[in-house]
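**Q** Below you will find the structure I want to go over with you.
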Amino acid sequence: MDYRRYIAERILIDGVKKEEIEENLAVPPDSSMGDYALPCFKFAKVLRKSPVAIAEELKEKFPVGGEIKEVSAVNGYLNFKVDKRSLAEEVLNQILTEKERYGASEEGKGKTVCIDYSSVNIAKPFHIGHLSTTVLGGALYRIFQFLGYRAVGINHLGDYGTQFGKLICAYKHWGNKEEVEKGGIHAVNDLYVRFNNEATEEMEKEAREYFRLIESGDQEANALFEWFKELTLSYVKKIYDKLHISFDSYAGERFYTDKMQPVIDELNEKKLLKESEGAKIVDLEKFNMPPCLILRSDGASLYATRDLAAAIYRKNTYDFDKCLYVVAYQQNLHFKQVFKVLELMGKEWAKDLVHVAYGMVSLEDGAMSTRKGKVVWLEEVINKCVEKAYTVIDEKNPALENKAEVAEKVGVGAVVFGALYNNKIKDIVFSYDKALNFEGETSVYVQYTCARARSVLDKAIAEGYSWNDGIIEPCASEAELIKALASFPATVKAAAENYEPSYIARFAVDAAQKFNKFYIDCKILQAGDEERKFRLRLTQAALIALTNALTLLGIGVPDKM
RNA sequence: GCACCGUUAGCUAAGCUGGAUAUAGCGUCGGUCUACGGAACCGAAGGCCAGGAGUUCGAAUCUCUUACGGUGCACCA
């Protein structure tokens with residue numbers, strides 16, 4: 001039921017369109033005032049009457065009955081109360097019919113969205129700073145799929161650059177096979193860190209040579225590189241599995257090695273390439289931006305060159321309707337430049353490229369620094385959260401059967417949720433205190449709420465109850481819960497439009513709070529027949545909506561915890 | 001210096017296209033209490049929405065400006 005339209009269609013104001021009335025319908029701050037409100041101040045000028053009088057008049061004319069049960073005029077506002085009973089019936093039917101598809105839609109049918117996220121660097125372990133892009137991208141991937149889009153997840157590997165020459169050089173000097181095999185990616189990273197701290201000028205020179213060797217296809221250099229890549233990918237895939245993250249493509253920077261020349265040629269043809277200080281650039285001064293560097297003075301390509309090639313490749317390969325780059329805001333300028341260059345190249349689809357920028361993660365004592373060893377590994381955070389979850393379960397529910405499995409869902413959920421609960425643009429200061437807090441506005445709270453709901457439903461089944469129908473006039477806490485649940489489809493849509501999974505996280509907490517209120521206020525199993533059936537339906541609907549929300553975020557929902 | 005972003009309760013944050021008394025969680029204080037799961041619920045204290053100006057009937061929300069903080073600004077990615 002579209003109440004706004006319903007109301008707008010039944011209000012007549014001279015010289016004001018229905019659409020305008022519909023747009024102006026707001027939600028009162030307190031639901032005891034009403035479910036919808038029309039502020040009448042705007043119409044005062046046209047009608048040459050006071051808002052109070054207008055509201056009063058409109059109230060008299062409004063046909064009460066049907067979907068709107070009550071209309072009142074208060075201080076220039078026209079307040080509407082909807083028929084809660086029919087709203088309840090409608091919402092419950094919808095949720096219980098659509099189940100795990102509740103909130104989904106077909107609006108993206110036939111459309112493709114590419115999502116570039118996580119984009120790990122070869123030879124570097126995951127630290128807490130990589131969490132946002134991974135988990136944001138993963139959530140957006142699911143959200144777009146849920147809305148009917150074809151989603152293409154791309155892990156744009158950081159596998160190109162002189163750093164790999166350095167790495168190979170460090171390995172040749174200080175490393176050996178056994179150590180790396182034993183220590184895995186951390187051992188590789190240690191070599192890289194050591195290089196940065198101890199390398200002599202001679203070694204720096206050597207490193208550049210090794211990089212050149214990789215590029216020219218030297219067998220030994222490439223074998224080493226591939227080995228490091230393998231190590232990295234098998235390491236990150238374990239973490240991706242835990243976080244419920246997957247990709248359709250691992251085409252990283254190296255993949256574009258042979259795809260950059262055509263771009264450079266095209267830039268030349270279109271007379272966009274200029275020589276400046278020995279380098280080749282695209283001048284963006286007209287657009288109030290520094291130039292976009294395409295080729296270094298030694299002829300080597302740059303980050304931007306590869307991103308241009310990648311964008312074109314993606315358009316050709318996937319024919320996307322939208323291509324998202326889930327990358328921290330440090331790279332705002334870089335993407336602005338790349339998008340502008342594509343636009344100048346005449347790619348009309350440049351408008352479909354979106355930099356989904358998010359804030360940085362720092363530690364309580366300042367920025368992270370791999371070199372100083374001031375870094376928090378993601379794996380460690382996940383492990384600690386899972387351990388903590390296990391301890392709490394042991395304490396609160398020692399008889400639980402699959403403790404480890406549940407602890408995994410709870411612990412990982414807390415990590416994911418922590419990264420998705422706030423607006424993505426905000427910087428985050430990581431602290432274990434916060435990460436390990438399982439109370440209040442957390443995924444654990446939502447999961448707990450789900451377990452509670454499920455427990456009631458299980459008991460109802462055990463008692464032999466069924467609840468295919470049953471409707472009563474909802475009380476306040478029931479009505480609040482229903483309204484919250486009803487907002488889920490719009491929430492999913494808004495989350496996609498704004499690239500903000502946090503909307504869904506906020507929905508989950510809000511709906512869980514309303515469920516808990518309902519749960520405390522209303523007896524479910526001990527209620528009368530009709531009430532019980534209604535409340536069981538409501539409980540099941542809440543469980544469905546909450547489960548769908550957490551699932552979209554990549555968070556598991558244990559049956560018991 | 002220029003550009004972009006941020007600034008809301010002690011702390012961490014919501015607040016979508018301007019609307020009625022600014023909303024939560026954590027923390028603090030005080031309750032519920034023996035249950036359909038207390039990882040819960042209720043209440044209290046706590047705010048010149050960074051400062052100023054403007055637009056408007058109406059501004060946390062839009063515009064300008066100042067301050068503070070963050071990020072970026074030529075051959076790293």
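Identifiers for the structure tokens are assigned positionally: chains receive A, B, ... in sequence, residues are indexed from 1 per chain, and ligands are indexed from 1 in the order shown.
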With a distance cut-off of 7 Å and only C-alpha atoms (C1' of nucleotides), select the neighbouring residues of range 442-446 of chain A, excluding the residue or stretch itself and same-chain residues fewer than 5 positions from it, and output the selection as an MDAnalysis selection string.

**A** (chainID A and resid 410 413:414 417 508:509 512) or (chainID B and resid 39)

**Q** Residues as selected, all heavy atoms, written as a short mmCIF file (atom, residue, chain, number, x, y, z; two decimals), in the first residue's frame, can you do that?

**A**
data_model
loop_
_atom_site.label_atom_id
_atom_site.label_comp_id
_atom_site.auth_asym_id
_atom_site.auth_seq_id
_atom_site.Cartn_x
_atom_site.Cartn_y
_atom_site.Cartn_z
N VAL A 410 29.01 -15.48 15.13
CA VAL A 410 28.90 -14.32 16.01
C VAL A 410 30.16 -13.45 15.92
O VAL A 410 30.08 -12.23 15.74
CB VAL A 410 28.67 -14.77 17.48
CG1 VAL A 410 28.73 -13.58 18.43
CG2 VAL A 410 27.32 -15.47 17.59
N GLY A 413 30.62 -11.98 12.43
CA GLY A 413 29.55 -10.99 12.26
C GLY A 413 29.90 -9.68 12.93
O GLY A 413 29.69 -8.61 12.36
N ALA A 414 30.48 -9.76 14.12
CA ALA A 414 30.82 -8.54 14.85
C ALA A 414 31.87 -7.74 14.09
O ALA A 414 31.79 -6.51 14.03
CB ALA A 414 31.33 -8.90 16.25
N PHE A 417 30.08 -6.29 10.89
CA PHE A 417 29.09 -5.27 11.26
C PHE A 417 29.77 -3.98 11.71
O PHE A 417 29.32 -2.89 11.37
CB PHE A 417 28.21 -5.82 12.38
CG PHE A 417 26.90 -5.10 12.53
CD1 PHE A 417 25.83 -5.41 11.72
CD2 PHE A 417 26.76 -4.12 13.50
CE1 PHE A 417 24.62 -4.76 11.86
CE2 PHE A 417 25.54 -3.45 13.65
CZ PHE A 417 24.47 -3.77 12.83
N ALA A 508 18.51 -3.17 10.60
CA ALA A 508 18.53 -4.40 11.39
C ALA A 508 18.46 -4.08 12.88
O ALA A 508 17.68 -4.69 13.61
CB ALA A 508 19.79 -5.20 11.06
N VAL A 509 19.25 -3.11 13.31
CA VAL A 509 19.25 -2.77 14.73
C VAL A 509 17.89 -2.17 15.13
O VAL A 509 17.32 -2.53 16.16
CB VAL A 509 20.39 -1.79 15.06
CG1 VAL A 509 20.20 -1.17 16.43
CG2 VAL A 509 21.73 -2.51 14.99
N ALA A 512 15.29 -4.85 15.23
CA ALA A 512 15.55 -5.74 16.37
C ALA A 512 15.11 -5.08 17.67
O ALA A 512 14.50 -5.72 18.53
CB ALA A 512 17.04 -6.10 16.43
P A B 39 21.72 -12.98 28.44
OP1 A B 39 21.00 -13.98 27.67
OP2 A B 39 23.07 -13.25 28.93
"O5'" A B 39 21.81 -11.63 27.58
"C5'" A B 39 22.56 -10.54 28.05
"C4'" A B 39 23.22 -9.84 26.86
"O4'" A B 39 24.15 -10.77 26.25
"C3'" A B 39 22.22 -9.46 25.77
"O3'" A B 39 22.62 -8.26 25.15
"C2'" A B 39 22.33 -10.60 24.76
"O2'" A B 39 22.11 -10.18 23.43
"C1'" A B 39 23.79 -11.00 24.90
N9 A B 39 24.07 -12.40 24.56
C8 A B 39 23.40 -13.54 24.86
N7 A B 39 23.95 -14.63 24.39
C5 A B 39 25.08 -14.16 23.73
C6 A B 39 26.10 -14.79 23.02
N6 A B 39 26.16 -16.10 22.85
N1 A B 39 27.07 -14.02 22.49
C2 A B 39 27.01 -12.71 22.67
N3 A B 39 26.10 -11.97 23.33
C4 A B 39 25.16 -12.77 23.83
#

**Q** Please provide the set of residues having any atom within 12 Å of C16 in chain B, restricted to only C-alpha atoms (C1' of nucleotides), with same-chain residues fewer than 3 positions apart removed, written as a list in words.

**A**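 Everything that qualifies: Ala26, Ala490, Thr491, Lys493, Ala494, Ala495, Glu497, Asn498, Glu500 and Tyr503 of chain A; U61 of chain B.
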
**Q** Since we have the selection now, will you write its residues out, keeping N, CA, C and O atoms (P, O5', C5', C4', C3', O3' and C1' of nucleotides), as a PDB file, in the first residue's frame?

**A**
ATOM      1  N   ALA A  26       5.009  14.058   5.106  1.00  0.00           N
ATOM      2  CA  ALA A  26       6.141  13.720   5.965  1.00  0.00           C
ATOM      3  C   ALA A  26       5.703  12.745   7.050  1.00  0.00           C
ATOM      4  O   ALA A  26       4.517  12.426   7.156  1.00  0.00           O
ATOM      5  N   ALA A 490      12.311  -0.481   0.917  1.00  0.00           N
ATOM      6  CA  ALA A 490      12.782   0.872   0.588  1.00  0.00           C
ATOM      7  C   ALA A 490      14.210   1.087   1.097  1.00  0.00           C
ATOM      8  O   ALA A 490      14.999   1.786   0.475  1.00  0.00           O
ATOM      9  N   THR A 491      14.509   0.463   2.221  1.00  0.00           N
ATOM     10  CA  THR A 491      15.855   0.580   2.789  1.00  0.00           C
ATOM     11  C   THR A 491      16.892  -0.051   1.866  1.00  0.00           C
ATOM     12  O   THR A 491      17.956   0.517   1.625  1.00  0.00           O
ATOM     13  N   LYS A 493      16.665  -0.484  -1.302  1.00  0.00           N
ATOM     14  CA  LYS A 493      16.770   0.353  -2.487  1.00  0.00           C
ATOM     15  C   LYS A 493      17.655   1.583  -2.226  1.00  0.00           C
ATOM     16  O   LYS A 493      18.534   1.910  -3.027  1.00  0.00           O
ATOM     17  N   ALA A 494      17.412   2.209  -1.099  1.00  0.00           N
ATOM     18  CA  ALA A 494      18.200   3.405  -0.755  1.00  0.00           C
ATOM     19  C   ALA A 494      19.668   3.030  -0.538  1.00  0.00           C
ATOM     20  O   ALA A 494      20.565   3.789  -0.902  1.00  0.00           O
ATOM     21  N   ALA A 495      19.893   1.872   0.052  1.00  0.00           N
ATOM     22  CA  ALA A 495      21.273   1.427   0.292  1.00  0.00           C
ATOM     23  C   ALA A 495      22.012   1.286  -1.037  1.00  0.00           C
ATOM     24  O   ALA A 495      23.176   1.653  -1.150  1.00  0.00           O
ATOM     25  N   GLU A 497      21.160   2.837  -3.941  1.00  0.00           N
ATOM     26  CA  GLU A 497      21.259   4.146  -4.588  1.00  0.00           C
ATOM     27  C   GLU A 497      22.397   4.980  -4.015  1.00  0.00           C
ATOM     28  O   GLU A 497      23.056   5.729  -4.719  1.00  0.00           O
ATOM     29  N   ASN A 498      22.581   4.862  -2.717  1.00  0.00           N
ATOM     30  CA  ASN A 498      23.611   5.670  -2.052  1.00  0.00           C
ATOM     31  C   ASN A 498      24.879   4.879  -1.775  1.00  0.00           C
ATOM     32  O   ASN A 498      25.774   5.382  -1.111  1.00  0.00           O
ATOM     33  N   GLU A 500      25.355   2.607   0.304  1.00  0.00           N
ATOM     34  CA  GLU A 500      25.469   2.670   1.765  1.00  0.00           C
ATOM     35  C   GLU A 500      24.887   1.430   2.449  1.00  0.00           C
ATOM     36  O   GLU A 500      23.741   1.436   2.892  1.00  0.00           O
ATOM     37  N   TYR A 503      22.798   1.597   5.803  1.00  0.00           N
ATOM     38  CA  TYR A 503      21.345   1.742   5.940  1.00  0.00           C
ATOM     39  C   TYR A 503      20.721   0.422   6.370  1.00  0.00           C
ATOM     40  O   TYR A 503      19.797   0.379   7.165  1.00  0.00           O
TER      41      TYR A 503
ATOM     42  P     U B  61      21.890  23.535   9.080  1.00  0.00           P
ATOM     43  O5'   U B  61      21.538  22.252   8.198  1.00  0.00           O
ATOM     44  C5'   U B  61      22.571  21.397   7.686  1.00  0.00           C
ATOM     45  C4'   U B  61      21.921  20.261   6.936  1.00  0.00           C
ATOM     46  C3'   U B  61      21.282  20.679   5.616  1.00  0.00           C
ATOM     47  O3'   U B  61      21.634  19.776   4.589  1.00  0.00           O
ATOM     48  C1'   U B  61      19.676  19.615   7.024  1.00  0.00           C
TER      49        U B  61
END

**Q** Nearest to chain A among B:U56, B:U65, B:U32, B:U71, with distances taken over only C-alpha atoms (C1' of nucleotides): which residue is it?

**A** B:U71

**Q** Near chain B, meaning an atom within 6 Å, which residues of chain A appear when counting only C-alpha atoms (C1' of nucleotides)? Write them as a ChimeraX atom specification.

**A** /A:296,330,440-441,452,456,525

**Q** When you draw a straight line from CA of Thr317 in chain A to CA of Asn155 in chain A, how long is it in Å?

**A**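 So the two atoms, CA of Thr317 in chain A and CA of Asn155 in chain A, lie 15.3 Å apart.
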
**Q** Report as a PyMOL selection string all protein, DNA and RNA residues lying within 7 Å of Gly148 in chain A, evaluated on only C-alpha atoms (C1' of nucleotides), omitting residues in the same chain fewer than 6 positions from it.

**A** chain A and resi 105-109

**Q** Considering only C-alpha atoms (C1' of nucleotides), return as an mmCIF file with all heavy atoms, in the first residue's frame whatever protein or nucleic-acid residues lie within 8 Å of Lys426 in chain A, sequence-local ones (same chain, fewer than 3 positions apart) excluded.

**A**
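What landed in selection19.cif:
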data_model
loop_
_atom_site.group_PDB
_atom_site.id
_atom_site.type_symbol
_atom_site.label_atom_id
_atom_site.label_comp_id
_atom_site.auth_asym_id
_atom_site.auth_seq_id
_atom_site.Cartn_x
_atom_site.Cartn_y
_atom_site.Cartn_z
ATOM 1 N N TYR A 358 35.399 5.627 0.898
ATOM 2 C CA TYR A 358 35.122 5.390 2.317
ATOM 3 C C TYR A 358 36.287 5.927 3.154
ATOM 4 O O TYR A 358 37.367 6.212 2.633
ATOM 5 C CB TYR A 358 34.914 3.900 2.586
ATOM 6 C CG TYR A 358 36.101 3.058 2.210
ATOM 7 C CD1 TYR A 358 37.183 2.911 3.074
ATOM 8 C CD2 TYR A 358 36.161 2.446 0.970
ATOM 9 C CE1 TYR A 358 38.282 2.161 2.722
ATOM 10 C CE2 TYR A 358 37.269 1.702 0.608
ATOM 11 C CZ TYR A 358 38.317 1.565 1.481
ATOM 12 O OH TYR A 358 39.424 0.843 1.119
ATOM 13 N N GLY A 359 36.057 6.048 4.459
ATOM 14 C CA GLY A 359 37.041 6.639 5.357
ATOM 15 C C GLY A 359 38.176 5.712 5.726
ATOM 16 O O GLY A 359 38.150 4.520 5.438
ATOM 17 N N MET A 360 39.156 6.270 6.365
ATOM 18 C CA MET A 360 40.335 5.495 6.714
ATOM 19 C C MET A 360 40.206 4.844 8.089
ATOM 20 O O MET A 360 39.464 5.298 8.928
ATOM 21 C CB MET A 360 41.588 6.360 6.814
ATOM 22 C CG MET A 360 41.699 7.468 5.845
ATOM 23 S SD MET A 360 43.110 8.533 6.232
ATOM 24 C CE MET A 360 44.135 7.515 7.263
ATOM 25 N N ASN A 422 28.429 2.307 10.356
ATOM 26 C CA ASN A 422 28.436 3.757 10.191
ATOM 27 C C ASN A 422 28.541 4.153 8.724
ATOM 28 O O ASN A 422 28.930 3.349 7.890
ATOM 29 C CB ASN A 422 29.599 4.368 10.970
ATOM 30 C CG ASN A 422 29.390 4.232 12.468
ATOM 31 O OD1 ASN A 422 28.254 4.098 12.929
ATOM 32 N ND2 ASN A 422 30.473 4.236 13.203
ATOM 33 N N ASN A 423 28.201 5.394 8.456
ATOM 34 C CA ASN A 423 28.356 5.922 7.106
ATOM 35 C C ASN A 423 29.774 5.650 6.638
ATOM 36 O O ASN A 423 30.726 5.874 7.366
ATOM 37 C CB ASN A 423 28.093 7.418 7.091
ATOM 38 C CG ASN A 423 26.616 7.726 7.147
ATOM 39 O OD1 ASN A 423 25.782 6.836 6.969
ATOM 40 N ND2 ASN A 423 26.281 8.960 7.379
ATOM 41 P P G B 6 31.125 15.708 4.171
ATOM 42 O OP1 G B 6 29.894 14.910 4.136
ATOM 43 O OP2 G B 6 31.097 17.145 3.791
ATOM 44 O "O5'" G B 6 31.777 15.623 5.623
ATOM 45 C "C5'" G B 6 31.738 14.411 6.343
ATOM 46 C "C4'" G B 6 32.661 14.502 7.524
ATOM 47 O "O4'" G B 6 33.903 15.110 7.113
ATOM 48 C "C3'" G B 6 32.198 15.399 8.660
ATOM 49 O "O3'" G B 6 31.304 14.728 9.497
ATOM 50 C "C2'" G B 6 33.514 15.709 9.376
ATOM 51 O "O2'" G B 6 33.936 14.625 10.170
ATOM 52 C "C1'" G B 6 34.467 15.841 8.187
ATOM 53 N N9 G B 6 34.679 17.235 7.782
ATOM 54 C C8 G B 6 34.314 17.824 6.594
ATOM 55 N N7 G B 6 34.677 19.080 6.519
ATOM 56 C C5 G B 6 35.322 19.325 7.735
ATOM 57 C C6 G B 6 35.937 20.502 8.225
ATOM 58 O O6 G B 6 36.044 21.601 7.680
ATOM 59 N N1 G B 6 36.460 20.315 9.504
ATOM 60 C C2 G B 6 36.399 19.127 10.205
ATOM 61 N N2 G B 6 36.961 19.129 11.423
ATOM 62 N N3 G B 6 35.841 18.024 9.750
ATOM 63 C C4 G B 6 35.327 18.191 8.525
#

**Q** Neighbouring residues of U7 in chain B were defined as those with any atom within 10 Å, considering only C-alpha atoms (C1' of nucleotides); residues of the same chain fewer than 2 positions away were excluded. Please report them as a list in words.

**A** C49, A50, C68 and G69 of chain B

**Q** Would you mind exporting N, CA and C atoms (P, O5', C5', C4', C3', O3' and C1' of nucleotides) of the selected residues as an mmCIF file, in the first residue's frame?

**A**
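Below is the file result-v1.cif, written as the result:
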data_model
loop_
_atom_site.group_PDB
_atom_site.id
_atom_site.type_symbol
_atom_site.label_atom_id
_atom_site.label_comp_id
_atom_site.auth_asym_id
_atom_site.auth_seq_id
_atom_site.Cartn_x
_atom_site.Cartn_y
_atom_site.Cartn_z
ATOM 1 P P C B 49 23.055 24.140 19.127
ATOM 2 O "O5'" C B 49 23.772 22.821 18.638
ATOM 3 C "C5'" C B 49 25.093 22.878 18.065
ATOM 4 C "C4'" C B 49 25.246 21.573 17.349
ATOM 5 C "C3'" C B 49 25.502 21.731 15.865
ATOM 6 O "O3'" C B 49 26.635 20.946 15.568
ATOM 7 C "C1'" C B 49 23.632 20.298 16.255
ATOM 8 P P A B 50 27.634 21.418 14.474
ATOM 9 O "O5'" A B 50 28.661 22.316 15.290
ATOM 10 C "C5'" A B 50 29.081 21.957 16.596
ATOM 11 C "C4'" A B 50 30.130 22.955 17.016
ATOM 12 C "C3'" A B 50 29.782 24.405 16.681
ATOM 13 O "O3'" A B 50 29.002 24.997 17.697
ATOM 14 C "C1'" A B 50 31.942 23.903 15.872
ATOM 15 P P C B 68 42.608 27.221 12.818
ATOM 16 O "O5'" C B 68 42.159 25.781 13.314
ATOM 17 C "C5'" C B 68 42.103 25.484 14.718
ATOM 18 C "C4'" C B 68 41.324 24.210 14.937
ATOM 19 C "C3'" C B 68 41.827 22.997 14.172
ATOM 20 O "O3'" C B 68 42.941 22.388 14.794
ATOM 21 C "C1'" C B 68 39.491 23.129 13.946
ATOM 22 P P G B 69 44.085 21.741 13.888
ATOM 23 O "O5'" G B 69 43.386 20.393 13.402
ATOM 24 C "C5'" G B 69 43.186 19.328 14.326
ATOM 25 C "C4'" G B 69 42.343 18.253 13.683
ATOM 26 C "C3'" G B 69 42.896 17.638 12.408
ATOM 27 O "O3'" G B 69 43.925 16.702 12.647
ATOM 28 C "C1'" G B 69 40.599 18.081 12.127
#

**Q** So which residues of range 275-395 of chain A fall under alpha helix (DSSP H) by DSSP, listed as JSON, numbers by chain?

**A** {"A": [303, 304, 305, 306, 307, 308, 309, 310, 311, 312, 313, 314, 315, 316, 317, 318, 332, 333, 334, 335, 336, 337, 338, 339, 340, 341, 342, 343, 344, 378, 379, 380, 381, 382, 383, 384, 385, 386, 387, 388, 389, 390, 391, 392, 393, 394, 395]}

**Q** Tell me which protein, DNA and RNA residues are within 7 Å of range 245-259 of chain A, counting only C-alpha atoms (C1' of nucleotides), leaving out same-chain ones fewer than 2 positions away, and put them as number ranges by chain.

**A** A: 138, 152-160, 240-241, 243, 261-262, 306, 309-310

**Q** With distances taken over only C-alpha atoms, which of A:Cys522, A:Ala460, A:Ala407, A:Ala486 is nearest to Gly556 in chain A?

**A**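 Checking each of A:Cys522, A:Ala460, A:Ala407, A:Ala486 against Gly556 in chain A, counting only C-alpha atoms, the winner is A:Ala407.
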
**Q** Write out as a VMD selection string which residues come within 10 Å of Asn93 in chain A when counting only C-alpha atoms (C1' of nucleotides), dropping same-chain ones fewer than 5 positions away.

**A** chain A and resid 87 to 88 98 to 99 468 to 469 537 to 538 541

**Q** Could you write out, as a PDB file with C-alpha atoms, in the first residue's frame, all the residues of range 45-286 of chain A that DSSP marks as strand (DSSP E or B)?

**A**
ATOM      1  CA  GLY A  65     -12.456   5.357   6.434  1.00  0.00           C
ATOM      2  CA  ILE A  68      -6.968   6.133   6.801  1.00  0.00           C
ATOM      3  CA  LYS A  69      -8.612   5.782  10.153  1.00  0.00           C
ATOM      4  CA  GLU A  70      -8.176   9.188  11.638  1.00  0.00           C
ATOM      5  CA  VAL A  71      -7.306  12.682  10.521  1.00  0.00           C
ATOM      6  CA  SER A  72      -6.457  15.551  12.810  1.00  0.00           C
ATOM      7  CA  ALA A  73      -5.320  19.130  12.396  1.00  0.00           C
ATOM      8  CA  VAL A  74      -2.627  20.317  14.770  1.00  0.00           C
ATOM      9  CA  TYR A  77      -0.193  20.077  10.284  1.00  0.00           C
ATOM     10  CA  LEU A  78      -2.729  17.659   8.929  1.00  0.00           C
ATOM     11  CA  ASN A  79      -2.021  14.330  10.601  1.00  0.00           C
ATOM     12  CA  PHE A  80      -3.151  10.940   9.361  1.00  0.00           C
ATOM     13  CA  LYS A  81      -3.404   7.671  11.161  1.00  0.00           C
ATOM     14  CA  VAL A  82      -3.476   4.608   8.972  1.00  0.00           C
ATOM     15  CA  THR A 112      25.065  -5.138 -14.994  1.00  0.00           C
ATOM     16  CA  VAL A 113      27.064  -3.537 -12.249  1.00  0.00           C
ATOM     17  CA  CYS A 114      30.784  -4.105 -11.922  1.00  0.00           C
ATOM     18  CA  ILE A 115      32.203  -3.722  -8.445  1.00  0.00           C
ATOM     19  CA  ASP A 116      35.915  -3.301  -7.922  1.00  0.00           C
ATOM     20  CA  ASN A 121      48.265  -6.303  -2.811  1.00  0.00           C
ATOM     21  CA  HIS A 127      45.330  -5.724   7.809  1.00  0.00           C
ATOM     22  CA  ARG A 150      23.967  -8.961 -12.606  1.00  0.00           C
ATOM     23  CA  ALA A 151      26.871  -8.172 -10.306  1.00  0.00           C
ATOM     24  CA  VAL A 152      30.470  -8.680 -11.343  1.00  0.00           C
ATOM     25  CA  GLY A 153      32.906  -8.678  -8.446  1.00  0.00           C
ATOM     26  CA  ILE A 154      36.418  -7.698  -9.450  1.00  0.00           C
ATOM     27  CA  GLY A 158      47.927  -4.948  -6.744  1.00  0.00           C
ATOM     28  CA  SER A 249      37.436 -11.860 -11.622  1.00  0.00           C
ATOM     29  CA  LEU A 273      48.413  13.541 -24.763  1.00  0.00           C
ATOM     30  CA  LYS A 274      50.863  16.316 -24.032  1.00  0.00           C
ATOM     31  CA  GLU A 275      54.519  16.240 -23.182  1.00  0.00           C
ATOM     32  CA  SER A 276      55.414  17.988 -19.952  1.00  0.00           C
ATOM     33  CA  ALA A 279      56.421  12.874 -19.108  1.00  0.00           C
ATOM     34  CA  LYS A 280      53.252  12.310 -21.088  1.00  0.00           C
ATOM     35  CA  ILE A 281      50.211  13.819 -19.487  1.00  0.00           C
ATOM     36  CA  VAL A 282      46.611  14.734 -20.097  1.00  0.00           C
TER      37      VAL A 282
END

**Q** Would you compute the distance between CA of Val386 in chain A and CA of Ala451 in chain A? Give it in Å to one decimal.

**A** 18.0 Å

**Q** Would you compute the distance between CA of Leu536 in chain A and CA of Val412 in chain A? Give it in Å to one decimal.

**A**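 If I compute the distance from CA of Leu536 in chain A to CA of Val412 in chain A, I get 29.7 Å.
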